[in-house]
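Working notes, beginning with the structure itself.
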Amino acid sequence: MVERERLEADVLVVGAGPAGLASALTVARLAKEAGATREVVVVEKGLEAGQHILSGAVMDPRGAEDLLGKGWLEAGFPVEARVEREAVYYLTRRRKVRFPVVPPTLRNEGCYVITLSRAVQWLRDRAQEAGVNVFEGFPADEPILEGGRLLGAVTADRGLDRAGRPKPGFTPGTEIHARVTVLAEGTRGSLTKAIVRRLGLAGPNPQTYGIGLKEVWELPPGRLKPGEVIHTTGWPLRHSHYGGGWIYGLAGERASIGFVPALDYRDPRFDPHEAFQRWKTHPLLRGLLAGGKLLQAGAKTVPEGGYWSQPRLYGDGFLIVGDAGGFLNAPRLKGVHTALGSGRLAGEAVHRALEEDSTDAKALSVYDELYRRSWIEKELRLVRNVRQAFDHGFFPGVARAGLMLLLGGRILRDRVPARADFEHLERLARLPADGAPPPLPRDGRLTIDRLTGVYLAGAMHEEDQPSHLVVADTDICRTRCAAEYGNPCERFCPARVYEMVEDPAAGPGARRLQINHSNCVHCKTCDVMDPYEIITWRVPSDAGGPKYLGM
């Protein structure tokens with residue numbers, strides 16, 4: 001049995017994103033005000049805070065104001081620009097139709113365009129100044145559960161070979177025990193997923209997702225003003241497919257562009273990366289990007305299920321915040337303000353529980369009470385059924401969503417049910433043979449292939465280590481999945497992690513699954529979209545992955 005170092009803390013925060021750092025900062029500040037000493041530890045799987053953070057992002061300032069006060073901007077919180085001009089377009093293959101008015105959910109008056117990785121680094125510095133210990137490059141690999149109580153987490157073992165055997169320099173992970181653990185892993189967090197399943201905490205609806213594919217471009221001078229915000233819907237998605245794109249003007253003649261198709265699509269031949277590259281060939285994008293230079297690329301799933309997909313947010317010894325808790329407002333395309341807000345509320349709840357020397361579920365349920373009385377709950381509850389309104393197509397969805405907003409979020413019933421994303425996939429036999437568009441030619445400038453995207457994401461993992469992408473039964477991949485769905489992992493993964501390659505040892509024409517784990521950009525689409533639920537995404541032991549600083 002491996003002997004592990006043991007670290008004791010009052011509070012362990014898993015994930016140095018906006019929600020986790022807001023939690024840690026709040027606990028530290030409240031402890032100081034109360035004259036108490038608290039050992040607050042944050043563990044981050046990236047080698048540097050912000051390295052794995054990918055977001056649009058237009059930020060509603062309310063979360064920052066709640067956390068940092070009215071002077072949040074004067075305090076130095078990094079922003080690119082205040083939103084100055086905005087538009088929404090419906091795209092056809094060659095035309096764009098501007099909405100006469102910006103829909104209420106997409107209005108951004110008073111909001112700010114930000115680079116979230118920079119904001120996270122700024123928050124990390126503020127947390128460290130407040131006495132928080134931030135351990136970067138320490139992936140939390142396993143929860144420490146005892147009788148339904150979360151006692152902390154074990155960080156990943158380092159220095160294992162592909163077969164899981166210790167290499168020279170092997171270092172076992174550390175057991176971090178805490179009175180309260182705040183799960184702030186972001187979308188589809190591996191510890192959160194395990195705890196929600198093992199303790200039966202799932203919400204009334206399953207969590208549903210979109211995949212956000214993003215690029216940062218340097219543009220010719222004057223092409224796009226800082227703070228200019230454009231959203232698109234329509235082409236190249238089918239009318240039945242929820243999603244759209246964004247264009248945000250950044251400082252320094254840069255643009256953030258991105259495309260977010262929902263993952264509840266029917267056709268397993270749909271390719272999100274291909275759709276993103278195709279979207280860039282529209283005259284609106286082609287004209288904007290002409291003469292520009294592609295600087296960075298990345299991909300990340302986003303939790304779109306909303307209010308009814310949130311798990312129970314507390315239990316014995318733990319709280320769940322931010323994207324891990326489903327706090328994203330999908331119709332607004334915003335989650336930074338709700339992440340900061342949920343982190344702050346969790347920090348307040350943790351402080352109260354520690355002051356009362358009780359950290360069981362009853363004591364920590366104050367977090368849920370604070371949430372239910374907050375502006376965050378009101379905002380998410382108003383749009384609680386809007387995402388589900390689009391299940392039957394874009395135009396019916398617009399009508400239903402508008403009516404829902406007028407009626408306070410409901411039509412006939414308070415909760416519209418939803419299904420897990422992979423359950424929407426149809427078998428190939430039920431689909432037309434010519435349903436998938438031909439591959440888009442790549443020119444290497446406007447449009448890029450997957451491996452170029454991996455390079456521009458800065459993704460890197462040590463080759464000689466256990467794969468953090470675990471497939472329980474690869475025979476299913478070469479038999480049932482190939483016949484029934486055509487191995488959709490080759491398409492839904494934007495990083496070419498999964499490949500079906502020839503397997504001469506198994507006979508003529510046989511193929512086997514090859515996992516290129518070093519390509520992984522940590523989007524976690526595979527963990528969401530695998531139709532047989534045999535893929536498990538875990539944290540890599542080398543703290544590798546993408547490098548999204550500046551994105």
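Letters A, B, ... go to the chains of the structure tokens in the order shown; residues in each chain start at 1; ligands are counted from 1 in the same order.
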
Exercise: Pro441 in chain A partners within 12 Å, only C-alpha atoms, chain neighbours under 6 positions left out, as a list in words: Glu274, Gln277, Arg278, Thr281, Thr447, Ile448 and Asp449 of chain A

Backbone DSSP call of strand (DSSP E or B) for range 198-333 of chain A, listed as number ranges by chain: A: 209-218, 228-234, 243-250, 254-262, 293-303, 314-315, 318-320, 329

Output the selection as a compact mmCIF listing (two decimals), in the first residue's frame - N, CA and C atoms for each residue.
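Written output follows (again.txt):
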# COMPACT_ATOMS: atom_id res chain seq x y z
N TYR A 209 -25.40 19.76 -22.04
CA TYR A 209 -24.21 20.55 -22.33
C TYR A 209 -24.20 21.08 -23.76
N GLY A 210 -23.40 22.10 -23.96
CA GLY A 210 -22.96 22.51 -25.28
C GLY A 210 -21.45 22.39 -25.30
N ILE A 211 -20.87 22.44 -26.48
CA ILE A 211 -19.41 22.51 -26.57
C ILE A 211 -19.04 23.85 -27.17
N GLY A 212 -18.25 24.61 -26.40
CA GLY A 212 -17.79 25.91 -26.85
C GLY A 212 -16.43 25.78 -27.51
N LEU A 213 -16.36 26.13 -28.79
CA LEU A 213 -15.09 26.11 -29.53
C LEU A 213 -14.69 27.55 -29.76
N LYS A 214 -13.47 27.91 -29.40
CA LYS A 214 -13.07 29.31 -29.37
C LYS A 214 -11.74 29.53 -30.05
N GLU A 215 -11.60 30.70 -30.67
CA GLU A 215 -10.32 31.15 -31.21
C GLU A 215 -10.11 32.62 -30.87
N VAL A 216 -8.87 33.01 -30.71
CA VAL A 216 -8.50 34.42 -30.54
C VAL A 216 -7.69 34.83 -31.77
N TRP A 217 -8.11 35.93 -32.38
CA TRP A 217 -7.47 36.43 -33.61
C TRP A 217 -6.90 37.82 -33.38
N GLU A 218 -5.80 38.10 -34.05
CA GLU A 218 -5.29 39.46 -34.18
C GLU A 218 -5.81 40.01 -35.51
N GLU A 228 -17.17 45.66 -28.77
CA GLU A 228 -18.22 45.35 -29.74
C GLU A 228 -18.59 43.88 -29.59
N VAL A 229 -19.90 43.60 -29.53
CA VAL A 229 -20.39 42.25 -29.26
C VAL A 229 -21.38 41.85 -30.35
N ILE A 230 -21.13 40.72 -30.99
CA ILE A 230 -22.01 40.20 -32.03
C ILE A 230 -22.31 38.74 -31.71
N HIS A 231 -23.59 38.38 -31.79
CA HIS A 231 -23.99 36.98 -31.66
C HIS A 231 -24.67 36.54 -32.94
N THR A 232 -24.52 35.26 -33.27
CA THR A 232 -25.18 34.72 -34.46
C THR A 232 -25.93 33.45 -34.11
N THR A 233 -26.95 33.16 -34.90
CA THR A 233 -27.65 31.89 -34.82
C THR A 233 -27.94 31.44 -36.24
N GLY A 234 -28.47 30.24 -36.39
CA GLY A 234 -28.74 29.74 -37.74
C GLY A 234 -27.57 28.96 -38.30
N GLY A 243 -27.98 26.42 -30.76
CA GLY A 243 -26.60 26.88 -30.68
C GLY A 243 -26.39 28.14 -31.50
N GLY A 244 -25.15 28.59 -31.53
CA GLY A 244 -24.82 29.80 -32.26
C GLY A 244 -23.39 30.22 -32.02
N GLY A 245 -23.06 31.43 -32.49
CA GLY A 245 -21.69 31.90 -32.40
C GLY A 245 -21.58 33.26 -31.75
N TRP A 246 -20.34 33.64 -31.44
CA TRP A 246 -20.10 34.96 -30.86
C TRP A 246 -18.86 35.59 -31.51
N ILE A 247 -18.84 36.90 -31.48
CA ILE A 247 -17.68 37.70 -31.89
C ILE A 247 -17.57 38.83 -30.86
N TYR A 248 -16.47 38.88 -30.13
CA TYR A 248 -16.27 39.90 -29.11
C TYR A 248 -15.00 40.69 -29.42
N GLY A 249 -15.10 42.01 -29.40
CA GLY A 249 -13.94 42.85 -29.61
C GLY A 249 -13.11 42.98 -28.34
N LEU A 250 -11.83 42.62 -28.43
CA LEU A 250 -10.90 42.71 -27.30
C LEU A 250 -9.97 43.90 -27.50
N ARG A 254 -7.61 42.70 -31.10
CA ARG A 254 -7.86 41.25 -31.06
C ARG A 254 -9.36 40.98 -31.01
N ALA A 255 -9.73 39.77 -31.41
CA ALA A 255 -11.12 39.35 -31.36
C ALA A 255 -11.21 37.96 -30.75
N SER A 256 -12.22 37.76 -29.92
CA SER A 256 -12.58 36.44 -29.43
C SER A 256 -13.77 35.98 -30.27
N ILE A 257 -13.60 34.86 -30.97
CA ILE A 257 -14.72 34.31 -31.73
C ILE A 257 -14.97 32.89 -31.24
N GLY A 258 -16.21 32.47 -31.30
CA GLY A 258 -16.51 31.13 -30.84
C GLY A 258 -17.85 30.64 -31.34
N PHE A 259 -18.02 29.33 -31.22
CA PHE A 259 -19.22 28.66 -31.72
C PHE A 259 -19.64 27.63 -30.68
N VAL A 260 -20.92 27.62 -30.31
CA VAL A 260 -21.39 26.74 -29.24
C VAL A 260 -22.61 25.94 -29.70
N PRO A 261 -22.40 24.78 -30.31
CA PRO A 261 -23.53 23.91 -30.61
C PRO A 261 -23.91 23.06 -29.40
N ALA A 262 -25.20 22.88 -29.19
CA ALA A 262 -25.65 22.00 -28.11
C ALA A 262 -25.27 20.56 -28.44
N LYS A 293 -4.63 37.20 -38.05
CA LYS A 293 -3.77 36.09 -37.68
C LYS A 293 -4.39 35.33 -36.51
N LEU A 294 -4.55 34.03 -36.68
CA LEU A 294 -5.08 33.18 -35.63
C LEU A 294 -4.00 32.95 -34.58
N LEU A 295 -4.31 33.31 -33.33
CA LEU A 295 -3.32 33.25 -32.25
C LEU A 295 -3.49 32.02 -31.36
N GLN A 296 -4.72 31.72 -30.96
CA GLN A 296 -4.98 30.65 -30.00
C GLN A 296 -6.30 29.97 -30.34
N ALA A 297 -6.44 28.73 -29.88
CA ALA A 297 -7.68 27.99 -30.09
C ALA A 297 -7.93 27.11 -28.88
N GLY A 298 -9.18 26.70 -28.70
CA GLY A 298 -9.50 25.83 -27.57
C GLY A 298 -10.93 25.35 -27.63
N ALA A 299 -11.28 24.47 -26.71
CA ALA A 299 -12.65 23.93 -26.65
C ALA A 299 -12.97 23.54 -25.22
N LYS A 300 -14.25 23.67 -24.86
CA LYS A 300 -14.69 23.35 -23.50
C LYS A 300 -16.20 23.11 -23.51
N THR A 301 -16.65 22.09 -22.79
CA THR A 301 -18.09 21.94 -22.63
C THR A 301 -18.62 22.99 -21.66
N VAL A 302 -19.89 23.35 -21.84
CA VAL A 302 -20.55 24.30 -20.94
C VAL A 302 -21.86 23.67 -20.48
N PRO A 303 -22.20 23.77 -19.19
CA PRO A 303 -23.42 23.15 -18.67
C PRO A 303 -24.64 24.02 -19.01
N TYR A 314 -25.08 20.65 -1.57
CA TYR A 314 -24.39 20.51 -0.29
C TYR A 314 -24.56 19.10 0.23
N GLY A 315 -23.73 18.75 1.18
CA GLY A 315 -23.81 17.46 1.85
C GLY A 315 -22.89 17.47 3.04
N PHE A 318 -19.25 19.06 2.38
CA PHE A 318 -18.93 19.62 1.06
C PHE A 318 -20.03 20.54 0.52
N LEU A 319 -19.61 21.38 -0.42
CA LEU A 319 -20.48 22.26 -1.20
C LEU A 319 -20.04 22.20 -2.66
N ILE A 320 -20.96 22.52 -3.57
CA ILE A 320 -20.67 22.52 -5.01
C ILE A 320 -20.98 23.91 -5.56
N ASN A 329 -26.07 30.49 -16.89
CA ASN A 329 -27.32 30.95 -17.50
C ASN A 329 -27.16 30.81 -19.01

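With only C-alpha atoms as the atoms that count, the residue of A:Met460, A:Ile411, A:Leu354, A:Leu68 with the shortest distance to Gly46 in chain A is A:Met460.
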
Filtered DSSP result for range 216-431 of chain A, state helix (DSSP H, G or I), as JSON, numbers by chain: {"A": [272, 273, 274, 275, 276, 277, 278, 279, 283, 284, 285, 286, 287, 288, 289, 307, 308, 309, 322, 323, 324, 325, 330, 331, 332, 336, 337, 338, 339, 340, 341, 342, 343, 344, 345, 346, 347, 348, 349, 350, 351, 352, 353, 354, 355, 361, 362, 363, 364, 366, 367, 368, 369, 370, 371, 372, 375, 376, 377, 378, 379, 380, 381, 382, 388, 389, 390, 391, 392, 394, 395, 396, 397, 398, 399, 400, 401, 402, 403, 404, 405, 406, 421, 422, 423, 424, 428, 429, 430]}

Need to verify the contact set: Asp66 in chain A, 10 Å, only C-alpha atoms, exclusion of same-chain residues closer than 2 positions in sequence. Can you return it as a ChimeraX atom specification? /A:61-64,68-70,72,337,340-341,344-345

Using N, CA and C atoms, can you write the selected residues to a file as an mmCIF file, in the first residue's frame?
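Output saved as part.cif:
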data_model
loop_
_atom_site.group_PDB
_atom_site.id
_atom_site.type_symbol
_atom_site.label_atom_id
_atom_site.label_comp_id
_atom_site.auth_asym_id
_atom_site.auth_seq_id
_atom_site.Cartn_x
_atom_site.Cartn_y
_atom_site.Cartn_z
ATOM 1 N N PRO A 61 -21.401 42.476 -14.377
ATOM 2 C CA PRO A 61 -20.554 42.863 -13.233
ATOM 3 C C PRO A 61 -21.150 42.552 -11.866
ATOM 4 N N ARG A 62 -22.373 42.034 -11.823
ATOM 5 C CA ARG A 62 -23.019 41.879 -10.513
ATOM 6 C C ARG A 62 -22.253 40.940 -9.588
ATOM 7 N N GLY A 63 -21.732 39.857 -10.122
ATOM 8 C CA GLY A 63 -20.979 38.926 -9.282
ATOM 9 C C GLY A 63 -19.725 39.552 -8.729
ATOM 10 N N ALA A 64 -19.024 40.328 -9.564
ATOM 11 C CA ALA A 64 -17.804 40.999 -9.110
ATOM 12 C C ALA A 64 -18.117 42.046 -8.050
ATOM 13 N N LEU A 68 -16.410 41.872 -4.505
ATOM 14 C CA LEU A 68 -15.333 42.841 -4.297
ATOM 15 C C LEU A 68 -15.811 44.239 -3.953
ATOM 16 N N GLY A 69 -17.137 44.462 -4.026
ATOM 17 C CA GLY A 69 -17.680 45.776 -3.722
ATOM 18 C C GLY A 69 -17.835 46.626 -4.967
ATOM 19 N N LYS A 70 -18.445 47.795 -4.801
ATOM 20 C CA LYS A 70 -18.717 48.687 -5.934
ATOM 21 C C LYS A 70 -17.441 49.134 -6.644
ATOM 22 N N TRP A 72 -14.965 47.381 -7.603
ATOM 23 C CA TRP A 72 -14.272 46.214 -8.146
ATOM 24 C C TRP A 72 -13.390 46.574 -9.340
ATOM 25 N N HIS A 337 -20.523 35.700 -13.698
ATOM 26 C CA HIS A 337 -21.136 36.416 -12.569
ATOM 27 C C HIS A 337 -21.794 35.455 -11.593
ATOM 28 N N LEU A 340 -18.949 33.615 -9.613
ATOM 29 C CA LEU A 340 -18.461 34.460 -8.525
ATOM 30 C C LEU A 340 -19.486 34.551 -7.398
ATOM 31 N N GLY A 341 -20.754 34.686 -7.791
ATOM 32 C CA GLY A 341 -21.807 34.799 -6.778
ATOM 33 C C GLY A 341 -21.982 33.534 -5.974
ATOM 34 N N ARG A 344 -19.084 33.165 -3.575
ATOM 35 C CA ARG A 344 -19.202 34.054 -2.407
ATOM 36 C C ARG A 344 -20.196 33.485 -1.398
ATOM 37 N N LEU A 345 -21.352 33.015 -1.875
ATOM 38 C CA LEU A 345 -22.358 32.453 -0.965
ATOM 39 C C LEU A 345 -21.820 31.205 -0.259
#

Within 6 Å of range 520-541 of chain A, which residues of range 419-505 of chain A come that close, and what is the closest atom pair and distance in Å for each? Count only C-alpha atoms and give it as CSV.
residue,atom,partner,partner_atom,distance
A:Phe422,CA,A:Met529,CA,4.8
A:Ala459,CA,A:Val521,CA,5.9
A:His468,CA,A:Arg538,CA,5.0
A:Leu469,CA,A:Trp537,CA,4.9
A:Val470,CA,A:Thr536,CA,5.1
A:Val471,CA,A:Ile535,CA,4.6
A:Ala472,CA,A:Ile534,CA,5.2
